[in-house]
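For reference, run31.csv (CSV, C-alpha atoms and all ligand atoms):
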```
chain,number,residue,atom,x,y,z
A,287,MET,CA,-2.7,61.1,90.3
A,288,THR,CA,-1.4,64.6,90.0
A,289,GLY,CA,2.1,64.8,88.7
A,290,VAL,CA,4.2,67.9,89.2
A,291,ILE,CA,2.8,71.3,90.3
A,292,CYS,CA,5.2,74.2,90.7
A,293,GLU,CA,3.9,77.5,92.1
A,294,GLN,CA,5.9,80.7,92.1
A,295,VAL,CA,9.2,78.9,92.2
A,296,GLY,CA,12.1,81.3,92.7
A,297,ILE,CA,15.8,80.8,93.3
A,298,GLU,CA,18.9,83.0,93.3
A,299,PHE,CA,22.6,82.2,93.2
A,300,PRO,CA,25.2,84.3,94.9
A,301,THR,CA,27.8,85.6,92.5
A,302,ALA,CA,30.6,88.1,92.8
A,303,ALA,CA,28.4,90.7,91.1
A,304,GLY,CA,25.5,90.1,93.6
A,305,PRO,CA,22.6,87.6,93.7
A,306,LEU,CA,21.7,86.2,90.3
A,307,HIS,CA,17.9,85.6,90.0
A,308,VAL,CA,17.7,82.5,87.9
A,309,LEU,CA,14.0,81.4,88.6
A,310,LYS,CA,11.7,84.4,89.1
A,311,GLY,CA,8.4,82.9,90.1
A,312,VAL,CA,7.8,79.9,87.8
A,313,ASP,CA,4.3,78.4,87.6
A,314,PHE,CA,4.6,75.0,85.9
A,315,GLU,CA,2.7,71.8,85.7
A,316,ALA,CA,3.6,68.3,84.4
A,317,PRO,CA,0.5,66.1,84.7
A,318,ALA,CA,0.6,62.4,85.2
A,319,GLY,CA,0.2,60.3,82.1
A,320,GLN,CA,1.9,62.9,79.9
A,321,LEU,CA,5.3,63.8,78.5
A,322,THR,CA,5.9,67.5,79.2
A,323,MET,CA,8.7,69.3,77.4
A,324,LEU,CA,10.4,72.2,78.9
A,325,VAL,CA,11.9,74.4,76.2
A,326,GLY,CA,13.7,77.7,76.0
A,327,PRO,CA,17.0,79.4,75.2
A,328,SER,CA,20.2,78.3,76.8
A,329,GLY,CA,20.6,79.9,80.2
A,330,CYS,CA,16.9,80.5,80.8
A,331,GLY,CA,16.8,78.2,83.9
A,332,LYS,CA,15.6,74.8,82.6
A,333,THR,CA,18.2,72.7,84.3
A,334,THR,CA,17.8,74.7,87.5
A,335,LEU,CA,14.1,74.1,87.5
A,336,ILE,CA,14.3,70.4,87.1
A,337,SER,CA,17.1,70.2,89.7
A,338,VAL,CA,14.7,71.9,92.2
A,339,ILE,CA,11.9,69.5,91.3
A,340,ALA,CA,14.3,66.5,91.7
A,341,GLY,CA,15.4,67.7,95.1
A,342,LEU,CA,19.0,68.1,93.9
A,343,LEU,CA,19.0,71.9,94.6
A,344,ARG,CA,17.8,73.5,97.8
A,345,GLY,CA,17.0,77.0,98.7
A,346,ALA,CA,14.1,77.7,96.3
A,347,THR,CA,11.1,79.8,97.3
A,348,GLY,CA,7.5,79.0,96.3
A,349,THR,CA,6.2,75.4,96.3
A,350,VAL,CA,7.0,72.3,94.3
A,351,ARG,CA,4.6,69.3,94.7
A,352,VAL,CA,5.5,66.0,93.2
A,353,PHE,CA,2.6,63.5,93.4
A,354,ASP,CA,1.2,65.5,96.4
A,355,GLU,CA,4.5,65.5,98.2
A,356,GLU,CA,5.8,69.0,98.9
A,357,VAL,CA,9.5,68.9,97.9
A,358,THR,CA,10.2,72.4,98.9
A,359,ALA,CA,9.1,71.5,102.5
A,360,LEU,CA,11.5,68.5,102.9
A,361,ARG,CA,14.4,68.6,105.2
A,362,GLY,CA,17.9,67.9,103.8
A,363,THR,CA,18.0,64.4,105.3
A,364,ASP,CA,14.6,63.6,103.6
A,365,LEU,CA,15.8,64.5,100.1
A,366,ALA,CA,17.8,61.3,99.2
A,367,PRO,CA,14.9,59.0,100.2
A,368,TYR,CA,12.5,61.3,98.3
A,369,ARG,CA,14.7,61.0,95.2
A,370,LEU,CA,15.0,57.2,95.5
A,371,ARG,CA,11.2,56.8,95.8
A,372,ASN,CA,10.2,59.2,93.1
A,373,ILE,CA,12.8,60.4,90.7
A,374,GLY,CA,14.6,59.1,87.7
A,375,PHE,CA,17.1,61.7,86.4
A,376,ILE,CA,18.9,61.5,83.0
A,377,PHE,CA,21.7,64.0,83.2
A,378,GLN,CA,23.0,65.8,80.2
A,379,GLN,CA,26.4,64.4,80.7
A,380,TYR,CA,25.0,60.9,81.7
A,381,ASN,CA,27.2,60.8,84.9
A,382,LEU,CA,27.8,57.0,84.7
A,383,LEU,CA,30.2,55.5,87.3
A,384,ALA,CA,33.4,54.7,85.4
A,385,GLY,CA,34.5,51.8,87.6
A,386,LEU,CA,31.1,49.9,87.4
A,387,THR,CA,29.9,47.8,84.5
A,388,VAL,CA,27.0,48.7,82.3
A,389,ALA,CA,24.7,46.3,84.2
A,390,GLU,CA,26.0,47.5,87.6
A,391,ASN,CA,25.5,51.2,86.7
A,392,ALA,CA,21.9,50.7,85.8
A,393,ALA,CA,21.3,48.6,89.0
A,394,VAL,CA,22.6,51.3,91.4
A,395,PRO,CA,19.2,53.0,92.2
A,396,LEU,CA,17.7,49.6,93.3
A,397,VAL,CA,20.7,48.8,95.4
A,398,ALA,CA,20.6,52.2,97.0
A,399,ALA,CA,16.9,51.6,97.8
A,400,GLY,CA,17.8,48.3,99.6
A,401,SER,CA,17.7,45.5,96.9
A,402,SER,CA,20.3,42.8,96.8
A,403,TRP,CA,22.8,43.2,94.0
A,404,GLU,CA,21.6,40.0,92.5
A,405,ALA,CA,18.0,41.1,92.3
A,406,ALA,CA,19.0,44.6,91.1
A,407,LEU,CA,21.2,43.2,88.4
A,408,GLU,CA,18.4,41.0,87.1
A,409,CYS,CA,16.1,44.0,86.7
A,410,SER,CA,18.9,46.0,85.2
A,411,ARG,CA,19.7,43.4,82.6
A,412,THR,CA,16.0,43.0,81.6
A,413,LEU,CA,15.7,46.7,81.0
A,414,LEU,CA,19.1,47.0,79.2
A,415,ASP,CA,18.0,44.2,76.9
A,416,LYS,CA,14.9,46.2,76.0
A,417,LEU,CA,17.1,49.1,75.2
A,418,GLY,CA,19.2,47.1,72.8
A,419,MET,CA,22.2,46.8,75.2
A,420,GLY,CA,22.0,43.0,75.7
A,421,ALA,CA,25.5,42.5,74.3
A,422,HIS,CA,27.2,45.0,76.6
A,423,PHE,CA,26.3,44.1,80.2
A,424,GLY,CA,29.9,43.5,81.3
A,425,LYS,CA,31.5,46.5,79.6
A,426,LEU,CA,32.7,49.7,81.3
A,427,PRO,CA,31.2,53.0,80.3
A,428,GLY,CA,34.5,54.0,78.8
A,429,GLN,CA,34.2,51.2,76.2
A,430,LEU,CA,30.8,52.5,74.9
A,431,SER,CA,29.8,55.0,72.3
A,432,GLY,CA,28.0,58.2,73.4
A,433,GLY,CA,24.6,56.7,72.3
A,434,GLN,CA,25.2,53.5,74.2
A,435,GLN,CA,26.2,55.4,77.3
A,436,GLN,CA,22.9,57.3,77.0
A,437,ARG,CA,21.0,54.1,76.9
A,438,VAL,CA,22.7,53.0,80.2
A,439,ALA,CA,21.7,56.4,81.7
A,440,ILE,CA,18.1,55.8,80.5
A,441,ALA,CA,18.1,52.3,82.1
A,442,ARG,CA,19.5,53.7,85.4
A,443,ALA,CA,16.9,56.4,85.5
A,444,LEU,CA,14.0,53.9,84.9
A,445,VAL,CA,15.1,50.7,86.7
A,446,HIS,CA,13.4,51.6,90.0
A,447,LYS,CA,10.1,52.6,88.2
A,448,PRO,CA,10.2,56.2,89.4
A,449,ARG,CA,7.0,58.2,89.3
A,450,LEU,CA,8.8,61.1,87.7
A,451,LEU,CA,11.3,61.0,84.9
A,452,LEU,CA,13.5,64.1,84.4
A,453,CYS,CA,15.6,64.2,81.3
A,454,ASP,CA,18.0,67.0,80.5
A,455,GLU,CA,18.6,67.6,76.8
A,456,PRO,CA,18.5,64.0,75.7
A,457,THR,CA,18.9,64.7,72.0
A,458,ALA,CA,21.4,67.6,72.1
A,459,ALA,CA,24.3,65.4,71.0
A,460,LEU,CA,22.4,63.2,68.5
A,461,ASP,CA,21.7,63.4,64.8
A,462,GLY,CA,18.1,63.7,63.8
A,463,LYS,CA,17.4,60.0,63.4
A,464,SER,CA,19.0,58.9,66.7
A,465,GLY,CA,17.1,61.8,68.4
A,466,GLN,CA,13.8,60.5,67.1
A,467,ALA,CA,14.7,56.9,68.3
A,468,VAL,CA,15.6,58.1,71.8
A,469,MET,CA,12.3,60.1,72.1
A,470,THR,CA,10.3,57.1,70.8
A,471,LEU,CA,12.0,55.0,73.6
A,472,LEU,CA,11.4,57.6,76.3
A,473,ARG,CA,7.7,57.8,75.3
A,474,GLU,CA,7.4,54.0,75.4
A,475,LEU,CA,9.1,53.6,78.7
A,476,ALA,CA,8.0,56.7,80.6
A,477,VAL,CA,4.5,57.6,79.6
A,478,HIS,CA,2.2,55.8,82.0
A,479,PRO,CA,-1.1,56.9,83.7
A,480,ASP,CA,0.5,57.0,87.2
A,481,ARG,CA,3.7,58.6,86.2
A,482,ALA,CA,5.0,61.9,84.7
A,483,ALA,CA,7.9,62.8,82.5
A,484,ILE,CA,9.6,66.1,81.9
A,485,VAL,CA,12.1,66.4,79.0
A,486,VAL,CA,14.2,69.5,78.8
A,487,THR,CA,15.2,70.4,75.3
A,488,HIS,CA,15.8,73.2,72.9
A,489,ASP,CA,15.7,70.9,69.9
A,490,PRO,CA,12.5,71.8,67.9
A,491,ARG,CA,13.0,68.5,65.9
A,492,VAL,CA,11.5,66.6,68.9
A,493,TYR,CA,8.7,68.9,70.0
A,494,GLY,CA,6.2,66.5,68.2
A,495,PHE,CA,6.8,63.9,70.9
A,496,ALA,CA,5.3,66.0,73.6
A,497,ASP,CA,1.8,66.1,75.0
A,498,ARG,CA,2.5,69.5,76.4
A,499,VAL,CA,5.2,72.0,75.7
A,500,ALA,CA,6.1,74.6,78.4
A,501,HIS,CA,8.2,77.5,77.1
A,502,MET,CA,10.6,79.3,79.5
A,503,GLU,CA,12.4,82.6,79.0
A,504,ASP,CA,14.7,84.4,81.4
A,505,GLY,CA,13.5,82.5,84.6
A,506,LEU,CA,9.8,82.6,83.8
A,507,LEU,CA,7.3,80.4,82.1
A,508,THR,CA,5.9,82.3,79.2
A,509,LYS,CA,3.6,79.9,77.3
A,510,VAL,CA,2.1,76.4,77.4
A,511,GLU,CA,1.0,74.5,74.4
A,512,GLU,CA,-1.2,71.4,74.9
A,513,GLY,CA,-2.0,68.4,72.8
A,514,CYS,CA,0.4,69.6,70.1
A,515,SER,CA,1.8,66.2,69.3
A,516,ALA,CA,1.0,64.2,66.2
A,517,ALA,CA,3.4,61.5,67.4
A,518,ALA,CA,1.8,61.4,70.8
A,519,THR,CA,-1.7,61.4,69.5
A,520,ALA,CA,-1.0,58.4,67.3
A,521,GLN,CA,0.0,56.4,70.4
A,522,HIS,CA,-2.9,57.4,72.7
A,601,LIG,N1,25.2,77.1,90.9
A,601,LIG,C1,25.1,78.2,90.2
A,601,LIG,N2,25.7,79.4,90.5
A,601,LIG,C2,25.6,80.5,89.8
A,601,LIG,N3,24.9,80.6,88.6
A,601,LIG,C3,24.3,79.5,88.2
A,601,LIG,C4,24.4,78.2,88.9
A,601,LIG,N4,23.7,77.3,88.2
A,601,LIG,C5,23.2,77.9,87.1
A,601,LIG,N5,23.6,79.2,87.1
A,601,LIG,C6,23.2,80.2,86.1
A,601,LIG,O1,21.8,80.2,86.0
A,601,LIG,C7,21.4,80.4,84.7
A,601,LIG,C8,20.4,79.3,84.2
A,601,LIG,O2,21.2,78.1,84.2
A,601,LIG,P1,20.5,76.7,83.7
A,601,LIG,O3,19.4,76.4,84.6
A,601,LIG,O4,21.6,75.7,83.6
A,601,LIG,O5,20.0,77.1,82.2
A,601,LIG,P2,19.5,76.2,81.0
A,601,LIG,O6,19.5,74.8,81.5
A,601,LIG,O7,18.2,76.7,80.6
A,601,LIG,O8,20.5,76.4,79.9
A,601,LIG,C9,22.6,80.5,83.8
A,601,LIG,O9,22.9,81.9,83.7
A,601,LIG,C10,23.7,79.9,84.7
A,601,LIG,O10,24.9,80.4,84.4
A,602,MG,MG,20.6,73.1,80.9
```

Go ahead and render the structure in this file as structure tokens.
Amino acid sequence: MTGVICEQVGIEFPTAAGPLHVLKGVDFEAPAGQLTMLVGPSGCGKTTLISVIAGLLRGATGTVRVFDEEVTALRGTDLAPYRLRNIGFIFQQYNLLAGLTVAENAAVPLVAAGSSWEAALECSRTLLDKLGMGAHFGKLPGQLSGGQQQRVAIARALVHKPRLLLCDEPTAALDGKSGQAVMTLLRELAVHPDRAAIVVTHDPRVYGFADRVAHMEDGLLTKVEEGCSAAATAQH
């Protein structure tokens, strides 16, 4: 099992002032069985890179392979099935559906992949229960605190057992203690020999949860630190 391998990934966005080169030839790996953190200053291209890996953003040059599937070679119509098979994405703003309950929100990826609502809701409730959300199945996202909404977003990203979890700044809005709790949960739920996890952050308080920290600056990968995690080592 390989995980994620990016080679010379580039992308530019058209702007009024001309093309903006956001990724400039990124070489990056996130091996299976590990939690890889992608860190770097705001605006350096972290969200853009994980969006390319997720198949949410097209037009990149270079190659991205996710568990031996070449994402950069997929046609537009193949991207949604690719995401359903492989990707759990926790967005920075959670992106929950306001009209669906907690349990329904977390069940959506299974329904999209062809499960019945009944079966999907059963899996969704089991996972939400693990995340301490057992008392809130029937609530709407608007009735939850930010931390509770994040737990629903985590459940939705993991309910279909994706091979790759992508998580954008999970602790940015949290105090130190809640940040540690979320990272502990993500390690417990997402680190698995056949799966890979990438967590984007610029929160040095949580670097200790990584098996591997990849540093980005101005559209390029500048440094990779491996095995730097006391917390991770303790759980291996
Ligand atoms: N769709 C887009 N069009 C134009 N510029 C964009 C677009 N998406 C991102 N950018 C720019 O690309 C740069 C990197 O953005 P992003 O990947 O979100 O950075 P990070 O997540 O590291 O903070 C920023 O300068 C941002 O303004
Ligand atoms: Mg970002």

Fewer than 2 positions away in the same chain doesn't count, so skip those; otherwise give me all residues within 12 Å of segment 408-416 of chain A, counting only C-alpha atoms, as a VMD selection string.
chain A and resid 387 to 397 401 to 406 418 to 424 434 to 447 471 to 472 474 to 475

As a PyMOL selection string, please: every protein or nucleic acid residue near ligand LIG 601 (chain A) (cut-off 12 Å, counting only C-alpha atoms and all ligand atoms).
chain A and resi 296-310+324-338+342-345+377-378+453-455+458+485-488+501-507

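The coordinates place atom CA of Leu417 of chain A at 15.0 Å from atom CA of Pro456 of chain A.
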
Find the residues near Ala500 of chain A: any atom within 8 Å, counting all atoms listed in the file, skip ones fewer than 5 places away on the same chain, and give them as an mmCIF file with C-alpha atoms, keeping the file's coordinate frame.
```cif
data_model
loop_
_atom_site.group_PDB
_atom_site.id
_atom_site.type_symbol
_atom_site.label_atom_id
_atom_site.label_comp_id
_atom_site.auth_asym_id
_atom_site.auth_seq_id
_atom_site.Cartn_x
_atom_site.Cartn_y
_atom_site.Cartn_z
ATOM 1 C CA PHE A 314 4.600 75.000 85.900
ATOM 2 C CA THR A 322 5.900 67.500 79.200
ATOM 3 C CA MET A 323 8.700 69.300 77.400
ATOM 4 C CA LEU A 324 10.400 72.200 78.900
ATOM 5 C CA VAL A 325 11.900 74.400 76.200
ATOM 6 C CA LEU A 507 7.300 80.400 82.100
ATOM 7 C CA THR A 508 5.900 82.300 79.200
ATOM 8 C CA LYS A 509 3.600 79.900 77.300
ATOM 9 C CA VAL A 510 2.100 76.400 77.400
ATOM 10 C CA GLU A 511 1.000 74.500 74.400
#
```

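Nearest residue to Ile291 of chain A, choosing from A:Asp489, A:Gln320, A:Arg351, A:Arg371 and counting only C-alpha atoms: A:Arg351.
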
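The smallest atom-to-atom distance between ligand MG 602 (chain A) and any of A:Leu452, A:Pro490, A:Glu293, A:Val350, using all atoms listed in the file, is found for A:Leu452.
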
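Of the residues listed (A:Leu460, A:Leu451, A:Ile376, A:Leu370), A:Ile376 shows the shortest atom-to-atom separation from ligand MG 602 (chain A); distances use all atoms listed in the file.
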
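The two atoms in question, atom CA of Gly362 of chain A and atom CA of Val295 of chain A, are spaced 18.2 Å apart.
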
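For the atom pair formed by atom CA of Glu512 of chain A and atom CA of Ala340 of chain A, the distance is 23.4 Å, given to one decimal.
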
Sphere at (2.3, 64.7, 82.2), radius 8 Å, counting only C-alpha atoms: residues as JSON, numbers by chain:
{"A": [289, 290, 315, 316, 317, 318, 319, 320, 321, 322, 477, 481, 482, 483, 484, 497, 498]}
